[in-house]
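Following: one structure in structure tokens, then a few remarks.
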Amino acid sequence: MAKILCVLYDDPAGGYPNSYPRDDLPHIERYPDGQTLPTPQAIDFQPGALLGSVSGELGLRPFLEARGHQLIVTSDKDGEDSVFERELVDADIVISQPFWPAYMTTERFAKANNLKLVITAGIGSDHTDLQSASERGVTVAEVTYCNSISVSEHVVMMILGLVRNYLPSWDVVRKGGWDIADCAARSYDLEGMHVGTVAAGRIGSAVLRRLKPFDVHLHYTDRHRLPAEVERELGVTFHESAADMVPHCDVVTINAPLHPETENLFDAAMIARMKRGAYLVNTARGKIANRDAVAAALESGHLAGYAGDVWFPQPAPRDHPWRTMPHHGMTPHISGTSLSAQARYAAGTREILECFFDGRPIRDEYLIVQGGHLAGAGAHSYSPGDTTDGSEEAEEFTMQLPPIPAQ
């Protein structure tokens, strides 16, 4: 019997839903590059249900308990007295999401002597110390591509929201006003602007494809250059580095994984290289952009806007400056946890578990660490090292909330 410790975000404030706005989800068999969607032997949930919160349990309980395994699900993940910390000691498998990550630090790996597998229900495993996982022979896997299109749609929405000054204009209506001049004073057309992506993998490329019909000039930088025919198809200009690209761009979107080389990439010096009045969108990871440098650039007016849904740590402390800085369009980390995406990453999590329990190989594209080194998708996207440092700051948020009953 295995003990599976699963960390998910809290249920809605009004309680777990009894109904949903839509009755079904569109049927999709393959992702744009031809990769098939997750193919578990079965699913025990209704696609379109809220699976990513505590009561949703990723639809895993019937499957796991039928096989005799123990499943513990909690949202209480930070601090020495958390449910996660207490239950980790003898856990065989840890599952969490990037949206409400269980930070698997060096110290936590040292406590988890039985740990064999860490799964990200989603994409992006930087909340796990990949170096410690490698050294301890722990497999790390994620559900690659499950929410890449979800995030790319969110990026386009946020770019338009900033450039067209949508959120402040919505707020005028909400407050009963009709202040057209105030709304228009910061509103521009996206048409003709230069838009660049830092990284052009699955998400970055999807963003480029979705922006092309807006008649913008497209740019990108990536350590893996796109094929020449793709560059011609998109009409996109390649730059050797982010520092080379950003001076040319009116809008920059960050779509790179977090690893030691990208951590703090957008610091004060990088932002200073951007055009005055440029917009920065970050749905990748909060630590890629320097918290204080972003806030200062918005205060000074060097940046016209910043939007994203990624913070560090997560959840963000209540006094995080990105909550109150001017001209921002921040949301909680929701871009990759639409109800559509949840059906895919829940199914992918089950597929990984089935392979692990049955002794079958986990899909290469799902692997991040295996056999003591980066593997599969991890070898392509990550670098050895640790980006979890400072994650204990997430406890500041939970300390300001009512105690969570033990689960």
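Every chain in the structure tokens takes a letter, A first, then B, and so on in the order presented; its residues are numbered from 1, and the ligands are numbered from 1 following the presented order.
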Write down as an mmCIF file with N, CA and C atoms, in the first residue's frame the residues belonging to segment 190-256 of chain A that are assigned strand (DSSP E or B) by DSSP computed on the backbone.
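Final file, out.cif:
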data_model
loop_
_atom_site.group_PDB
_atom_site.id
_atom_site.type_symbol
_atom_site.label_atom_id
_atom_site.label_comp_id
_atom_site.auth_asym_id
_atom_site.auth_seq_id
_atom_site.Cartn_x
_atom_site.Cartn_y
_atom_site.Cartn_z
ATOM 1 N N HIS A 194 5.115 45.985 -31.505
ATOM 2 C CA HIS A 194 6.111 44.911 -31.516
ATOM 3 C C HIS A 194 5.952 44.105 -30.228
ATOM 4 N N VAL A 195 5.686 42.824 -30.380
ATOM 5 C CA VAL A 195 5.421 41.942 -29.240
ATOM 6 C C VAL A 195 6.451 40.822 -29.243
ATOM 7 N N GLY A 196 7.105 40.616 -28.103
ATOM 8 C CA GLY A 196 8.123 39.575 -28.007
ATOM 9 C C GLY A 196 7.861 38.613 -26.879
ATOM 10 N N THR A 197 8.203 37.350 -27.099
ATOM 11 C CA THR A 197 8.083 36.343 -26.052
ATOM 12 C C THR A 197 9.456 35.849 -25.618
ATOM 13 N N VAL A 198 9.643 35.784 -24.319
ATOM 14 C CA VAL A 198 10.836 35.151 -23.755
ATOM 15 C C VAL A 198 10.509 33.675 -23.621
ATOM 16 N N HIS A 217 4.060 42.989 -34.968
ATOM 17 C CA HIS A 217 5.394 42.523 -35.321
ATOM 18 C C HIS A 217 5.861 41.583 -34.204
ATOM 19 N N LEU A 218 6.190 40.354 -34.543
ATOM 20 C CA LEU A 218 6.485 39.330 -33.543
ATOM 21 C C LEU A 218 7.981 39.101 -33.399
ATOM 22 N N HIS A 219 8.404 38.897 -32.139
ATOM 23 C CA HIS A 219 9.797 38.647 -31.799
ATOM 24 C C HIS A 219 9.852 37.515 -30.788
ATOM 25 N N TYR A 220 10.997 36.835 -30.718
ATOM 26 C CA TYR A 220 11.176 35.826 -29.666
ATOM 27 C C TYR A 220 12.644 35.610 -29.375
ATOM 28 N N THR A 221 12.876 35.083 -28.188
ATOM 29 C CA THR A 221 14.200 34.575 -27.821
ATOM 30 C C THR A 221 14.003 33.245 -27.120
ATOM 31 N N VAL A 236 8.283 35.872 -37.558
ATOM 32 C CA VAL A 236 8.824 36.230 -36.260
ATOM 33 C C VAL A 236 10.336 36.440 -36.346
ATOM 34 N N THR A 237 10.837 37.404 -35.593
ATOM 35 C CA THR A 237 12.261 37.734 -35.570
ATOM 36 C C THR A 237 12.918 37.119 -34.344
ATOM 37 N N PHE A 238 14.023 36.412 -34.555
ATOM 38 C CA PHE A 238 14.755 35.770 -33.452
ATOM 39 C C PHE A 238 15.806 36.712 -32.893
ATOM 40 N N VAL A 251 5.505 45.232 -26.129
ATOM 41 C CA VAL A 251 4.944 44.258 -25.198
ATOM 42 C C VAL A 251 5.908 43.091 -25.096
ATOM 43 N N VAL A 252 6.189 42.658 -23.877
ATOM 44 C CA VAL A 252 7.019 41.466 -23.642
ATOM 45 C C VAL A 252 6.215 40.494 -22.795
ATOM 46 N N THR A 253 6.156 39.251 -23.222
ATOM 47 C CA THR A 253 5.490 38.214 -22.452
ATOM 48 C C THR A 253 6.497 37.132 -22.085
ATOM 49 N N ILE A 254 6.498 36.749 -20.824
ATOM 50 C CA ILE A 254 7.454 35.767 -20.308
ATOM 51 C C ILE A 254 6.780 34.406 -20.293
#
Step one, run DSSP on the backbone; step two, keep only residues of segment 207-376 of chain A assigned to alpha helix (DSSP H); then write them as JSON, numbers by chain.
{"A": [207, 208, 209, 210, 211, 228, 229, 230, 231, 232, 233, 234, 242, 243, 244, 245, 268, 269, 270, 271, 272, 273, 291, 292, 293, 294, 295, 296, 297, 298, 299, 300, 339, 340, 341, 342, 343, 344, 345, 346, 347, 348, 349, 350, 351, 352, 353, 354, 355, 356, 357, 358, 376]}
Would you mind exporting C-alpha atoms of the selected residues as a CSV table (one decimal), in the first residue's frame?
chain,number,residue,atom,x,y,z
A,207,VAL,CA,1.0,32.9,-28.0
A,208,LEU,CA,2.8,33.9,-31.2
A,209,ARG,CA,0.2,32.0,-33.3
A,210,ARG,CA,-2.7,33.7,-31.5
A,211,LEU,CA,-1.2,37.2,-31.8
A,228,ALA,CA,13.3,28.3,-40.2
A,229,GLU,CA,10.0,27.3,-41.8
A,230,VAL,CA,8.1,28.2,-38.5
A,231,GLU,CA,9.9,31.5,-38.3
A,232,ARG,CA,8.8,32.3,-41.9
A,233,GLU,CA,5.3,31.1,-41.3
A,234,LEU,CA,4.8,33.4,-38.2
A,242,ALA,CA,16.1,38.7,-23.7
A,243,ALA,CA,18.5,41.6,-23.3
A,244,ASP,CA,18.8,41.9,-27.1
A,245,MET,CA,15.1,41.6,-27.7
A,268,ALA,CA,16.0,46.5,-12.6
A,269,ALA,CA,18.7,46.4,-15.3
A,270,MET,CA,16.6,44.3,-17.7
A,271,ILE,CA,13.5,46.4,-17.2
A,272,ALA,CA,15.6,49.6,-17.8
A,273,ARG,CA,16.4,48.1,-21.3
A,291,ARG,CA,9.3,41.9,-7.3
A,292,ASP,CA,10.5,45.3,-6.3
A,293,ALA,CA,11.9,46.3,-9.7
A,294,VAL,CA,8.5,45.7,-11.3
A,295,ALA,CA,6.7,47.8,-8.7
A,296,ALA,CA,9.3,50.6,-9.0
A,297,ALA,CA,9.0,50.6,-12.8
A,298,LEU,CA,5.2,51.0,-12.6
A,299,GLU,CA,5.5,53.8,-10.0
A,300,SER,CA,8.0,55.7,-12.2
A,339,LEU,CA,-12.1,23.6,-15.8
A,340,SER,CA,-11.0,22.5,-19.2
A,341,ALA,CA,-7.4,22.2,-18.1
A,342,GLN,CA,-8.3,20.4,-14.9
A,343,ALA,CA,-9.9,17.6,-16.8
A,344,ARG,CA,-6.6,17.1,-18.6
A,345,TYR,CA,-4.2,17.4,-15.7
A,346,ALA,CA,-6.4,15.2,-13.5
A,347,ALA,CA,-6.4,12.5,-16.2
A,348,GLY,CA,-2.7,12.9,-16.7
A,349,THR,CA,-2.0,12.5,-13.0
A,350,ARG,CA,-3.9,9.3,-13.0
A,351,GLU,CA,-2.0,8.1,-16.0
A,352,ILE,CA,1.3,8.7,-14.3
A,353,LEU,CA,0.1,6.9,-11.1
A,354,GLU,CA,-1.1,3.9,-13.2
A,355,CYS,CA,2.3,3.6,-14.8
A,356,PHE,CA,4.1,3.9,-11.5
A,357,PHE,CA,2.0,1.3,-9.7
A,358,ASP,CA,2.0,-1.1,-12.7
A,376,GLY,CA,12.5,13.7,-20.7
Which polymer residues have any atom within 10 Å of an atom of segment 27-35 of chain A, counting only C-alpha atoms, with same-chain residues fewer than 4 positions away left out, as a list in words?
Thr39, Thr144, Tyr145, Cys146, Ser148, Ile149, Arg202, Ala206 and Glu365 of chain A
Written file, previous selection with N, CA and C atoms, as a compact mmCIF listing (two decimals), in the first residue's frame:
# COMPACT_ATOMS: atom_id res chain seq x y z
N THR A 39 -4.02 9.46 -21.37
CA THR A 39 -4.76 8.24 -21.69
C THR A 39 -4.74 7.27 -20.52
N THR A 144 2.76 17.29 -18.96
CA THR A 144 3.20 18.21 -20.00
C THR A 144 2.11 18.49 -21.01
N TYR A 145 1.98 19.77 -21.36
CA TYR A 145 1.08 20.29 -22.39
C TYR A 145 -0.38 20.36 -21.95
N CYS A 146 -0.71 19.85 -20.74
CA CYS A 146 -2.12 19.76 -20.34
C CYS A 146 -2.80 21.12 -20.29
N SER A 148 -1.08 24.17 -21.52
CA SER A 148 -0.29 25.16 -22.27
C SER A 148 -1.18 26.09 -23.08
N ILE A 149 -2.20 25.55 -23.73
CA ILE A 149 -3.11 26.41 -24.52
C ILE A 149 -3.93 27.29 -23.59
N ARG A 202 5.97 25.41 -26.01
CA ARG A 202 4.56 25.17 -26.31
C ARG A 202 3.70 26.39 -26.03
N ALA A 206 2.36 29.12 -28.94
CA ALA A 206 0.90 29.28 -29.03
C ALA A 206 0.51 30.75 -28.90
N GLU A 365 7.65 12.40 -22.22
CA GLU A 365 7.33 13.83 -22.19
C GLU A 365 6.81 14.29 -20.84
Please report as a tab-separated table every residue of segment 265-330 of chain A lying within 9 Å of segment 167-190 of chain A, along with the nearest atom pair and their distance in Å (one decimal), using only C-alpha atoms.
residue	atom	partner	partner_atom	distance
A:Ala304	CA	A:Arg186	CA	8.6
A:His327	CA	A:Pro168	CA	8.5
A:Gly329	CA	A:Leu167	CA	7.3
If we count only C-alpha atoms, what is near Thr262 of chain A at a cut-off of 10 Å, once residues fewer than 2 positions away on the same chain are taken out, given as a list in words?
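The contact residues come out as Ala256, Pro257, Leu258, His259, Pro260, Asn264, Leu265, Phe266, Arg285, Lys287, Ile288, Ala289, Tyr382, Ser383 and Thr387 of chain A.
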